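Everything below belongs to run09.cif, which stores mmCIF, N, CA and C atoms and all ligand atoms.
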data_input
loop_
_atom_site.label_atom_id
_atom_site.label_comp_id
_atom_site.auth_asym_id
_atom_site.auth_seq_id
_atom_site.Cartn_x
_atom_site.Cartn_y
_atom_site.Cartn_z
N MET A 19 111.82 61.44 -108.52
CA MET A 19 110.44 61.00 -108.38
C MET A 19 110.01 60.09 -109.53
N THR A 20 110.85 59.87 -110.55
CA THR A 20 110.38 59.15 -111.72
C THR A 20 111.09 57.82 -111.91
N ASP A 21 111.92 57.39 -110.94
CA ASP A 21 112.70 56.18 -111.17
C ASP A 21 112.07 54.94 -110.57
N CYS A 22 110.85 55.00 -110.09
CA CYS A 22 110.15 53.80 -109.63
C CYS A 22 108.72 53.86 -110.14
N LEU A 23 108.13 52.65 -110.26
CA LEU A 23 106.80 52.52 -110.86
C LEU A 23 105.78 53.45 -110.20
N PHE A 24 105.67 53.38 -108.88
CA PHE A 24 104.62 54.17 -108.24
C PHE A 24 104.97 55.66 -108.22
N CYS A 25 106.28 56.00 -108.32
CA CYS A 25 106.63 57.41 -108.48
C CYS A 25 106.09 57.93 -109.81
N ARG A 26 106.08 57.07 -110.81
CA ARG A 26 105.55 57.49 -112.12
C ARG A 26 104.05 57.67 -112.04
N ILE A 27 103.38 56.86 -111.23
CA ILE A 27 101.93 57.06 -111.05
C ILE A 27 101.69 58.39 -110.34
N VAL A 28 102.49 58.69 -109.31
CA VAL A 28 102.35 59.98 -108.62
C VAL A 28 102.56 61.13 -109.60
N ALA A 29 103.57 60.97 -110.47
CA ALA A 29 103.90 62.04 -111.43
C ALA A 29 102.91 62.12 -112.58
N GLY A 30 102.08 61.08 -112.74
CA GLY A 30 101.12 61.07 -113.84
C GLY A 30 101.72 60.66 -115.17
N SER A 31 102.94 60.10 -115.14
CA SER A 31 103.60 59.75 -116.40
C SER A 31 103.24 58.35 -116.88
N ILE A 32 102.58 57.54 -116.05
CA ILE A 32 101.94 56.32 -116.54
C ILE A 32 100.49 56.35 -116.07
N PRO A 33 99.59 55.73 -116.84
CA PRO A 33 98.18 55.86 -116.52
C PRO A 33 97.78 55.07 -115.28
N SER A 34 96.81 55.59 -114.56
CA SER A 34 96.22 54.88 -113.44
C SER A 34 94.84 55.47 -113.20
N THR A 35 94.02 54.69 -112.49
CA THR A 35 92.68 55.18 -112.15
C THR A 35 92.76 55.72 -110.72
N ILE A 36 92.89 57.03 -110.63
CA ILE A 36 93.09 57.69 -109.34
C ILE A 36 91.73 57.85 -108.64
N VAL A 37 91.68 57.48 -107.38
CA VAL A 37 90.44 57.69 -106.62
C VAL A 37 90.61 58.80 -105.58
N HIS A 38 91.84 59.16 -105.28
CA HIS A 38 92.09 60.27 -104.35
C HIS A 38 93.50 60.79 -104.57
N ARG A 39 93.64 62.10 -104.48
CA ARG A 39 94.97 62.69 -104.54
C ARG A 39 94.99 63.92 -103.63
N ASP A 40 96.03 64.06 -102.82
CA ASP A 40 96.26 65.31 -102.09
C ASP A 40 97.77 65.54 -102.05
N ASP A 41 98.23 66.46 -101.22
CA ASP A 41 99.66 66.81 -101.24
C ASP A 41 100.55 65.66 -100.77
N HIS A 42 99.99 64.74 -99.98
CA HIS A 42 100.81 63.70 -99.34
C HIS A 42 100.52 62.29 -99.80
N LEU A 43 99.33 62.05 -100.37
CA LEU A 43 98.88 60.70 -100.71
C LEU A 43 98.28 60.64 -102.11
N VAL A 44 98.43 59.48 -102.74
CA VAL A 44 97.66 59.17 -103.95
C VAL A 44 97.05 57.79 -103.73
N ALA A 45 95.78 57.64 -104.09
CA ALA A 45 95.11 56.33 -104.04
C ALA A 45 94.60 56.03 -105.44
N PHE A 46 94.83 54.79 -105.88
CA PHE A 46 94.48 54.41 -107.24
C PHE A 46 94.09 52.94 -107.28
N ARG A 47 93.36 52.55 -108.33
CA ARG A 47 92.90 51.17 -108.49
C ARG A 47 94.08 50.26 -108.83
N ASP A 48 94.13 49.10 -108.17
CA ASP A 48 95.14 48.10 -108.51
C ASP A 48 94.91 47.60 -109.93
N ILE A 49 95.96 47.47 -110.68
CA ILE A 49 95.85 47.05 -112.09
C ILE A 49 95.43 45.58 -112.22
N ASP A 50 95.61 44.80 -111.18
CA ASP A 50 95.28 43.36 -111.19
C ASP A 50 94.47 43.06 -109.93
N PRO A 51 93.22 43.51 -109.90
CA PRO A 51 92.47 43.49 -108.64
C PRO A 51 92.19 42.08 -108.12
N ASN A 52 92.29 41.95 -106.81
CA ASN A 52 92.00 40.69 -106.13
C ASN A 52 90.66 40.70 -105.41
N ALA A 53 89.87 41.74 -105.62
CA ALA A 53 88.55 41.87 -105.03
C ALA A 53 87.80 42.90 -105.87
N PRO A 54 86.47 42.93 -105.75
CA PRO A 54 85.71 43.93 -106.53
C PRO A 54 86.23 45.35 -106.33
N MET A 55 86.66 45.68 -105.12
CA MET A 55 87.38 46.94 -104.91
C MET A 55 88.78 46.61 -104.43
N HIS A 56 89.78 47.07 -105.16
CA HIS A 56 91.17 46.87 -104.75
C HIS A 56 91.89 48.18 -105.08
N VAL A 57 92.17 48.93 -104.05
CA VAL A 57 92.78 50.26 -104.18
C VAL A 57 94.10 50.26 -103.41
N LEU A 58 95.09 50.91 -103.97
CA LEU A 58 96.39 51.10 -103.31
C LEU A 58 96.52 52.56 -102.91
N THR A 59 96.89 52.80 -101.66
CA THR A 59 97.15 54.16 -101.19
C THR A 59 98.64 54.28 -100.92
N ILE A 60 99.26 55.28 -101.51
CA ILE A 60 100.72 55.45 -101.39
C ILE A 60 101.06 56.87 -100.98
N PRO A 61 102.20 57.04 -100.33
CA PRO A 61 102.69 58.40 -100.08
C PRO A 61 103.28 58.98 -101.37
N THR A 62 103.20 60.28 -101.54
CA THR A 62 103.77 60.89 -102.74
C THR A 62 105.30 60.83 -102.71
N THR A 63 105.89 60.76 -101.53
CA THR A 63 107.33 60.58 -101.43
C THR A 63 107.63 59.10 -101.17
N PRO A 64 108.59 58.53 -101.90
CA PRO A 64 108.79 57.09 -101.80
C PRO A 64 109.50 56.66 -100.52
N ILE A 65 108.97 55.61 -99.91
CA ILE A 65 109.58 54.90 -98.78
C ILE A 65 109.52 53.44 -99.19
N ALA A 66 110.63 52.72 -99.15
CA ALA A 66 110.66 51.38 -99.77
C ALA A 66 109.77 50.38 -99.06
N THR A 67 109.91 50.26 -97.74
CA THR A 67 109.15 49.26 -96.98
C THR A 67 108.80 49.83 -95.61
N LEU A 68 107.96 49.10 -94.89
CA LEU A 68 107.63 49.53 -93.52
C LEU A 68 108.89 49.58 -92.66
N ASN A 69 109.89 48.76 -93.00
CA ASN A 69 111.13 48.75 -92.23
C ASN A 69 111.88 50.08 -92.31
N ASP A 70 111.53 50.90 -93.27
CA ASP A 70 112.25 52.16 -93.49
C ASP A 70 111.54 53.36 -92.88
N LEU A 71 110.47 53.11 -92.12
CA LEU A 71 109.74 54.23 -91.51
C LEU A 71 110.51 54.80 -90.33
N SER A 72 110.32 56.09 -90.11
CA SER A 72 110.82 56.72 -88.88
C SER A 72 109.63 57.33 -88.15
N SER A 73 109.88 57.83 -86.95
CA SER A 73 108.79 58.43 -86.19
C SER A 73 108.19 59.63 -86.94
N GLU A 74 108.96 60.23 -87.81
CA GLU A 74 108.45 61.36 -88.59
C GLU A 74 107.35 60.93 -89.56
N ASP A 75 107.26 59.63 -89.81
CA ASP A 75 106.25 59.12 -90.74
C ASP A 75 104.95 58.70 -90.05
N ASP A 76 104.90 58.83 -88.73
CA ASP A 76 103.72 58.33 -88.01
C ASP A 76 102.43 58.96 -88.52
N ALA A 77 102.42 60.26 -88.71
CA ALA A 77 101.19 60.92 -89.17
C ALA A 77 100.85 60.50 -90.59
N LEU A 78 101.87 60.33 -91.41
CA LEU A 78 101.66 59.90 -92.79
C LEU A 78 100.98 58.53 -92.84
N ILE A 79 101.51 57.58 -92.06
CA ILE A 79 100.94 56.24 -92.07
C ILE A 79 99.52 56.26 -91.50
N GLY A 80 99.30 57.05 -90.48
CA GLY A 80 97.94 57.20 -89.95
C GLY A 80 97.00 57.74 -91.01
N SER A 81 97.48 58.71 -91.77
CA SER A 81 96.61 59.30 -92.80
C SER A 81 96.32 58.30 -93.92
N MET A 82 97.24 57.37 -94.17
CA MET A 82 96.98 56.34 -95.19
C MET A 82 95.83 55.44 -94.74
N PHE A 83 95.84 55.04 -93.47
CA PHE A 83 94.73 54.21 -92.98
C PHE A 83 93.42 54.99 -92.97
N ARG A 84 93.47 56.25 -92.57
CA ARG A 84 92.22 57.02 -92.55
C ARG A 84 91.70 57.22 -93.96
N ARG A 85 92.60 57.39 -94.92
CA ARG A 85 92.15 57.55 -96.31
C ARG A 85 91.53 56.25 -96.81
N ALA A 86 92.15 55.12 -96.52
CA ALA A 86 91.57 53.85 -96.95
C ALA A 86 90.18 53.68 -96.35
N ALA A 87 90.01 54.02 -95.09
CA ALA A 87 88.69 53.90 -94.46
C ALA A 87 87.68 54.84 -95.13
N ALA A 88 88.13 56.04 -95.50
CA ALA A 88 87.23 56.99 -96.17
C ALA A 88 86.82 56.46 -97.54
N ILE A 89 87.75 55.87 -98.26
CA ILE A 89 87.43 55.33 -99.59
C ILE A 89 86.45 54.16 -99.43
N ALA A 90 86.72 53.28 -98.47
CA ALA A 90 85.80 52.17 -98.23
C ALA A 90 84.40 52.69 -97.89
N THR A 91 84.34 53.71 -97.07
CA THR A 91 83.04 54.29 -96.69
C THR A 91 82.35 54.89 -97.89
N GLU A 92 83.09 55.65 -98.70
CA GLU A 92 82.50 56.31 -99.89
C GLU A 92 81.90 55.28 -100.84
N HIS A 93 82.47 54.08 -100.86
CA HIS A 93 82.00 53.06 -101.80
C HIS A 93 81.07 52.04 -101.15
N GLY A 94 80.65 52.31 -99.92
CA GLY A 94 79.62 51.49 -99.30
C GLY A 94 80.11 50.24 -98.60
N TYR A 95 81.40 50.18 -98.30
CA TYR A 95 81.95 48.95 -97.70
C TYR A 95 82.24 49.07 -96.20
N ALA A 96 81.97 50.21 -95.60
CA ALA A 96 82.36 50.39 -94.20
C ALA A 96 81.68 49.37 -93.29
N ASP A 97 80.38 49.15 -93.50
CA ASP A 97 79.67 48.22 -92.63
C ASP A 97 79.87 46.77 -93.05
N ARG A 98 79.94 46.52 -94.37
CA ARG A 98 80.15 45.14 -94.84
C ARG A 98 81.49 44.62 -94.39
N GLY A 99 82.51 45.48 -94.46
CA GLY A 99 83.86 45.10 -94.05
C GLY A 99 84.84 45.14 -95.21
N TYR A 100 86.08 45.26 -94.85
CA TYR A 100 87.15 45.36 -95.84
C TYR A 100 88.46 45.02 -95.15
N ARG A 101 89.52 44.86 -95.95
CA ARG A 101 90.83 44.52 -95.39
C ARG A 101 91.85 45.54 -95.87
N THR A 102 92.76 45.92 -94.97
CA THR A 102 93.89 46.80 -95.31
C THR A 102 95.17 46.05 -95.00
N VAL A 103 96.10 46.06 -95.96
CA VAL A 103 97.32 45.24 -95.84
C VAL A 103 98.52 46.00 -96.37
N PHE A 104 99.62 45.95 -95.61
CA PHE A 104 100.93 46.31 -96.13
C PHE A 104 101.73 45.01 -96.27
N ASN A 105 102.21 44.68 -97.44
CA ASN A 105 103.16 43.58 -97.59
C ASN A 105 104.57 44.13 -97.42
N THR A 106 105.41 43.35 -96.74
CA THR A 106 106.78 43.80 -96.50
C THR A 106 107.77 42.71 -96.85
N ASN A 107 108.54 42.99 -97.89
CA ASN A 107 109.64 42.14 -98.34
C ASN A 107 109.17 40.78 -98.89
N ARG A 108 110.12 39.93 -99.17
CA ARG A 108 109.93 38.79 -100.06
C ARG A 108 108.84 37.82 -99.62
N GLU A 109 108.86 37.37 -98.39
CA GLU A 109 107.94 36.30 -98.01
C GLU A 109 106.50 36.78 -97.92
N SER A 110 106.30 38.07 -97.85
CA SER A 110 104.93 38.60 -97.86
C SER A 110 104.39 38.74 -99.27
N GLY A 111 105.31 38.72 -100.25
CA GLY A 111 104.91 38.94 -101.64
C GLY A 111 105.05 40.37 -102.11
N GLN A 112 105.76 41.22 -101.36
CA GLN A 112 105.93 42.60 -101.83
C GLN A 112 106.70 42.61 -103.14
N THR A 113 106.14 43.28 -104.13
CA THR A 113 106.78 43.36 -105.45
C THR A 113 107.13 44.78 -105.85
N VAL A 114 106.52 45.76 -105.21
CA VAL A 114 106.80 47.17 -105.53
C VAL A 114 107.32 47.82 -104.26
N PHE A 115 108.53 48.36 -104.35
CA PHE A 115 109.22 48.84 -103.14
C PHE A 115 109.04 50.35 -102.98
N HIS A 116 107.77 50.68 -102.85
CA HIS A 116 107.29 52.03 -102.52
C HIS A 116 106.06 51.73 -101.68
N VAL A 117 106.11 51.98 -100.39
CA VAL A 117 105.06 51.46 -99.50
C VAL A 117 103.67 51.77 -100.04
N HIS A 118 102.79 50.78 -99.93
CA HIS A 118 101.43 50.92 -100.44
C HIS A 118 100.51 50.12 -99.54
N LEU A 119 99.40 50.75 -99.20
CA LEU A 119 98.39 50.11 -98.37
C LEU A 119 97.31 49.57 -99.28
N HIS A 120 97.19 48.23 -99.32
CA HIS A 120 96.11 47.61 -100.10
C HIS A 120 94.78 47.79 -99.35
N LEU A 121 93.75 48.13 -100.07
CA LEU A 121 92.37 48.12 -99.56
C LEU A 121 91.59 47.14 -100.43
N LEU A 122 91.09 46.08 -99.80
CA LEU A 122 90.35 45.04 -100.51
C LEU A 122 88.94 44.98 -99.94
N ALA A 123 87.94 44.97 -100.82
CA ALA A 123 86.55 44.95 -100.35
C ALA A 123 85.66 44.39 -101.45
N GLY A 124 84.46 43.96 -101.01
CA GLY A 124 83.46 43.56 -101.98
C GLY A 124 83.27 42.06 -102.10
N ARG A 125 84.00 41.29 -101.31
CA ARG A 125 83.78 39.83 -101.27
C ARG A 125 84.23 39.34 -99.90
N GLY A 126 83.82 38.14 -99.56
CA GLY A 126 84.31 37.53 -98.33
C GLY A 126 85.81 37.28 -98.46
N LEU A 127 86.55 37.67 -97.44
CA LEU A 127 88.02 37.56 -97.49
C LEU A 127 88.44 36.49 -96.49
N ASN A 128 89.16 35.50 -96.95
CA ASN A 128 89.57 34.40 -96.09
C ASN A 128 90.56 34.85 -95.02
N TRP A 129 90.50 34.17 -93.88
CA TRP A 129 91.49 34.35 -92.83
C TRP A 129 91.87 33.01 -92.24
N PRO A 130 93.13 32.67 -92.05
CA PRO A 130 94.27 33.52 -92.37
C PRO A 130 94.49 33.62 -93.86
N PRO A 131 95.14 34.71 -94.31
CA PRO A 131 95.44 34.85 -95.73
C PRO A 131 96.47 33.82 -96.15
N GLY A 132 96.57 33.58 -97.43
CA GLY A 132 97.50 32.57 -97.93
C GLY A 132 98.94 32.99 -97.78
P1 LIG B 1 102.67 44.12 -103.52
O1 LIG B 1 102.69 42.73 -104.04
O2 LIG B 1 102.14 44.24 -102.12
O3 LIG B 1 104.00 44.83 -103.69
O4 LIG B 1 101.59 44.88 -104.40
C1 LIG B 1 101.90 45.54 -105.59
C2 LIG B 1 100.58 45.76 -106.29
O5 LIG B 1 100.79 46.72 -107.31
C3 LIG B 1 100.02 44.51 -106.96
O6 LIG B 1 98.73 44.21 -106.41
C4 LIG B 1 99.94 44.90 -108.43
O7 LIG B 1 98.83 44.37 -109.10
C5 LIG B 1 99.91 46.42 -108.36
N1 LIG B 1 100.40 47.12 -109.52
C6 LIG B 1 101.54 46.87 -110.21
N2 LIG B 1 101.66 47.74 -111.24
C7 LIG B 1 100.58 48.56 -111.17
C8 LIG B 1 100.13 49.67 -111.97
N3 LIG B 1 100.82 50.12 -113.02
N4 LIG B 1 98.98 50.27 -111.62
C9 LIG B 1 98.26 49.81 -110.57
N5 LIG B 1 98.63 48.78 -109.79
C10 LIG B 1 99.78 48.16 -110.09
#
Please go through the file and, once you have read it, give me the structure as structure tokens.
Amino acid sequence: MTDCLFCRIVAGSIPSTIVHRDDHLVAFRDIDPNAPMHVLTIPTTPIATLNDLSSEDDALIGSMFRRAAAIATEHGYADRGYRTVFNTNRESGQTVFHVHLHLLAGRGLNWPPG
């Protein structure tokens, strides 16, 4: 659990601003935010990319989206709007190979993304 960056955040061995933690998920503030609210939600067990999911992960991925929606709601962004994104592999810009759902809110977000 300690050989990848986000595993260390789960373990608490490097600092992060945690906004939610339960047995299966941790959500924390992105260290280099791209919006007034930028939170990453990750599973406590590492999965490298969306390509590595199995049907056993369906509930986990669903719970990540529901958690992101709950965090957006708690911070007043549910009606204004927000974006949830998984980047996968090189051309998407994925840099950390432990799946993470970005939650971006608090400004107008361009579409299509760059
Ligand atoms: P991605 O490019 O989709 O892999 O996103 C990785 C995200 O992790 C980026 O938005 C980074 O700013 C963020 N990040 C990297 N290191 C940390 C850290 N120690 N704590 C919080 N966020 C981080």
Any idea what's packed within 12 Å of A:Thr91, counting only C-alpha atoms, ignoring anything in its chain fewer than 5 positions away? Could you give it as a PyMOL selection string? chain A and resi 55+84-86+96-100+121+123-124
Atomic distance atom CA of A:Leu43 - atom CA of A:Asp76, expressed in Å with one decimal: 13.8 Å
Out of A:Phe83, A:Trp129, A:Phe115, A:Phe46, which residue has the shortest atom-to-atom distance to A:Thr102 when counting only C-alpha atoms?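 Closest candidate: A:Phe83.
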Could you check how far atom N of A:Ile79 sits from atom C of A:Ser110, in Å to one decimal?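 One can read the atom N of A:Ile79 to atom C of A:Ser110 distance as 20.4 Å.
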Which residue, A:Glu92, A:Val117, A:Ser34, A:Ala29, has the smallest gap to A:Pro64 when you use all atoms listed in the file? A:Val117
DSSP on the backbone: which residues in stretch 31-129 of chain A end up as alpha helix (DSSP H)? Give the answer as a PyMOL selection string. chain A and resi 76-92
For the selection you just gave me, I'd like the residues written to a file as a PDB file, keeping the file's coordinate frame, keeping N, CA and C atoms.
ATOM      1  N   ASP A  76     104.900  58.830 -88.730  1.00  0.00           N
ATOM      2  CA  ASP A  76     103.720  58.330 -88.010  1.00  0.00           C
ATOM      3  C   ASP A  76     102.430  58.960 -88.520  1.00  0.00           C
ATOM      4  N   ALA A  77     102.420  60.260 -88.710  1.00  0.00           N
ATOM      5  CA  ALA A  77     101.190  60.920 -89.170  1.00  0.00           C
ATOM      6  C   ALA A  77     100.850  60.500 -90.590  1.00  0.00           C
ATOM      7  N   LEU A  78     101.870  60.330 -91.410  1.00  0.00           N
ATOM      8  CA  LEU A  78     101.660  59.900 -92.790  1.00  0.00           C
ATOM      9  C   LEU A  78     100.980  58.530 -92.840  1.00  0.00           C
ATOM     10  N   ILE A  79     101.510  57.580 -92.060  1.00  0.00           N
ATOM     11  CA  ILE A  79     100.940  56.240 -92.070  1.00  0.00           C
ATOM     12  C   ILE A  79      99.520  56.260 -91.500  1.00  0.00           C
ATOM     13  N   GLY A  80      99.300  57.050 -90.480  1.00  0.00           N
ATOM     14  CA  GLY A  80      97.940  57.200 -89.950  1.00  0.00           C
ATOM     15  C   GLY A  80      97.000  57.740 -91.010  1.00  0.00           C
ATOM     16  N   SER A  81      97.480  58.710 -91.770  1.00  0.00           N
ATOM     17  CA  SER A  81      96.610  59.300 -92.800  1.00  0.00           C
ATOM     18  C   SER A  81      96.320  58.300 -93.920  1.00  0.00           C
ATOM     19  N   MET A  82      97.240  57.370 -94.170  1.00  0.00           N
ATOM     20  CA  MET A  82      96.980  56.340 -95.190  1.00  0.00           C
ATOM     21  C   MET A  82      95.830  55.440 -94.740  1.00  0.00           C
ATOM     22  N   PHE A  83      95.840  55.040 -93.470  1.00  0.00           N
ATOM     23  CA  PHE A  83      94.730  54.210 -92.980  1.00  0.00           C
ATOM     24  C   PHE A  83      93.420  54.990 -92.970  1.00  0.00           C
ATOM     25  N   ARG A  84      93.470  56.250 -92.570  1.00  0.00           N
ATOM     26  CA  ARG A  84      92.220  57.020 -92.550  1.00  0.00           C
ATOM     27  C   ARG A  84      91.700  57.220 -93.960  1.00  0.00           C
ATOM     28  N   ARG A  85      92.600  57.390 -94.920  1.00  0.00           N
ATOM     29  CA  ARG A  85      92.150  57.550 -96.310  1.00  0.00           C
ATOM     30  C   ARG A  85      91.530  56.250 -96.810  1.00  0.00           C
ATOM     31  N   ALA A  86      92.150  55.120 -96.520  1.00  0.00           N
ATOM     32  CA  ALA A  86      91.570  53.850 -96.950  1.00  0.00           C
ATOM     33  C   ALA A  86      90.180  53.680 -96.350  1.00  0.00           C
ATOM     34  N   ALA A  87      90.010  54.020 -95.090  1.00  0.00           N
ATOM     35  CA  ALA A  87      88.690  53.900 -94.460  1.00  0.00           C
ATOM     36  C   ALA A  87      87.680  54.840 -95.130  1.00  0.00           C
ATOM     37  N   ALA A  88      88.130  56.040 -95.500  1.00  0.00           N
ATOM     38  CA  ALA A  88      87.230  56.990 -96.170  1.00  0.00           C
ATOM     39  C   ALA A  88      86.820  56.460 -97.540  1.00  0.00           C
ATOM     40  N   ILE A  89      87.750  55.870 -98.260  1.00  0.00           N
ATOM     41  CA  ILE A  89      87.430  55.330 -99.590  1.00  0.00           C
ATOM     42  C   ILE A  89      86.450  54.160 -99.430  1.00  0.00           C
ATOM     43  N   ALA A  90      86.720  53.280 -98.470  1.00  0.00           N
ATOM     44  CA  ALA A  90      85.800  52.170 -98.230  1.00  0.00           C
ATOM     45  C   ALA A  90      84.400  52.690 -97.890  1.00  0.00           C
ATOM     46  N   THR A  91      84.340  53.710 -97.070  1.00  0.00           N
ATOM     47  CA  THR A  91      83.040  54.290 -96.690  1.00  0.00           C
ATOM     48  C   THR A  91      82.350  54.890 -97.890  1.00  0.00           C
ATOM     49  N   GLU A  92      83.090  55.650 -98.700  1.00  0.00           N
ATOM     50  CA  GLU A  92      82.500  56.310 -99.890  1.00  0.00           C
ATOM     51  C   GLU A  92      81.900  55.280-100.840  1.00  0.00           C
TER      52      GLU A  92
END
Fill-in result for stretch 21-29 of chain A, all heavy atoms as a tab-separated table (two decimals), keeping the file's coordinate frame:
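What follows is the written file part_18.tsv:
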chain	number	residue	atom	x	y	z
A	21	ASP	N	111.92	57.39	-110.94
A	21	ASP	CA	112.70	56.18	-111.17
A	21	ASP	C	112.07	54.94	-110.57
A	21	ASP	O	112.68	53.88	-110.55
A	21	ASP	CB	114.12	56.37	-110.65
A	21	ASP	CG	114.14	56.69	-109.17
A	21	ASP	OD1	113.06	56.96	-108.62
A	21	ASP	OD2	115.24	56.67	-108.59
A	22	CYS	N	110.85	55.00	-110.09
A	22	CYS	CA	110.15	53.80	-109.63
A	22	CYS	C	108.72	53.86	-110.14
A	22	CYS	O	108.18	54.93	-110.43
A	22	CYS	CB	110.19	53.68	-108.11
A	22	CYS	SG	109.22	54.90	-107.22
A	23	LEU	N	108.13	52.65	-110.26
A	23	LEU	CA	106.80	52.52	-110.86
A	23	LEU	C	105.78	53.45	-110.20
A	23	LEU	O	105.08	54.21	-110.89
A	23	LEU	CB	106.36	51.06	-110.75
A	23	LEU	CG	104.96	50.72	-111.25
A	23	LEU	CD1	104.88	50.97	-112.75
A	23	LEU	CD2	104.62	49.28	-110.91
A	24	PHE	N	105.67	53.38	-108.88
A	24	PHE	CA	104.62	54.17	-108.24
A	24	PHE	C	104.97	55.66	-108.22
A	24	PHE	O	104.07	56.50	-108.14
A	24	PHE	CB	104.33	53.63	-106.83
A	24	PHE	CG	103.56	52.32	-106.83
A	24	PHE	CD1	103.30	51.67	-105.63
A	24	PHE	CD2	103.09	51.75	-108.01
A	24	PHE	CE1	102.58	50.48	-105.61
A	24	PHE	CE2	102.38	50.56	-108.01
A	24	PHE	CZ	102.12	49.91	-106.80
A	25	CYS	N	106.28	56.00	-108.32
A	25	CYS	CA	106.63	57.41	-108.48
A	25	CYS	C	106.09	57.93	-109.81
A	25	CYS	O	105.66	59.08	-109.90
A	25	CYS	CB	108.14	57.60	-108.44
A	25	CYS	SG	108.88	57.10	-106.88
A	26	ARG	N	106.08	57.07	-110.81
A	26	ARG	CA	105.55	57.49	-112.12
A	26	ARG	C	104.05	57.67	-112.04
A	26	ARG	O	103.49	58.54	-112.72
A	26	ARG	CB	105.92	56.46	-113.19
A	26	ARG	CG	107.40	56.41	-113.48
A	26	ARG	CD	107.70	55.59	-114.73
A	26	ARG	NE	109.08	55.17	-114.73
A	26	ARG	CZ	109.48	53.90	-114.49
A	26	ARG	NH1	108.60	52.96	-114.28
A	26	ARG	NH2	110.75	53.61	-114.47
A	27	ILE	N	103.38	56.86	-111.23
A	27	ILE	CA	101.93	57.06	-111.05
A	27	ILE	C	101.69	58.39	-110.34
A	27	ILE	O	100.82	59.17	-110.73
A	27	ILE	CB	101.32	55.86	-110.30
A	27	ILE	CG1	101.25	54.67	-111.27
A	27	ILE	CG2	99.95	56.21	-109.72
A	27	ILE	CD1	100.72	53.39	-110.69
A	28	VAL	N	102.49	58.69	-109.31
A	28	VAL	CA	102.35	59.98	-108.62
A	28	VAL	C	102.56	61.13	-109.60
A	28	VAL	O	101.82	62.11	-109.61
A	28	VAL	CB	103.36	60.08	-107.45
A	28	VAL	CG1	103.37	61.49	-106.87
A	28	VAL	CG2	103.03	59.06	-106.36
A	29	ALA	N	103.57	60.97	-110.47
A	29	ALA	CA	103.90	62.04	-111.43
A	29	ALA	C	102.91	62.12	-112.58
A	29	ALA	O	102.90	63.11	-113.32
A	29	ALA	CB	105.31	61.81	-111.97
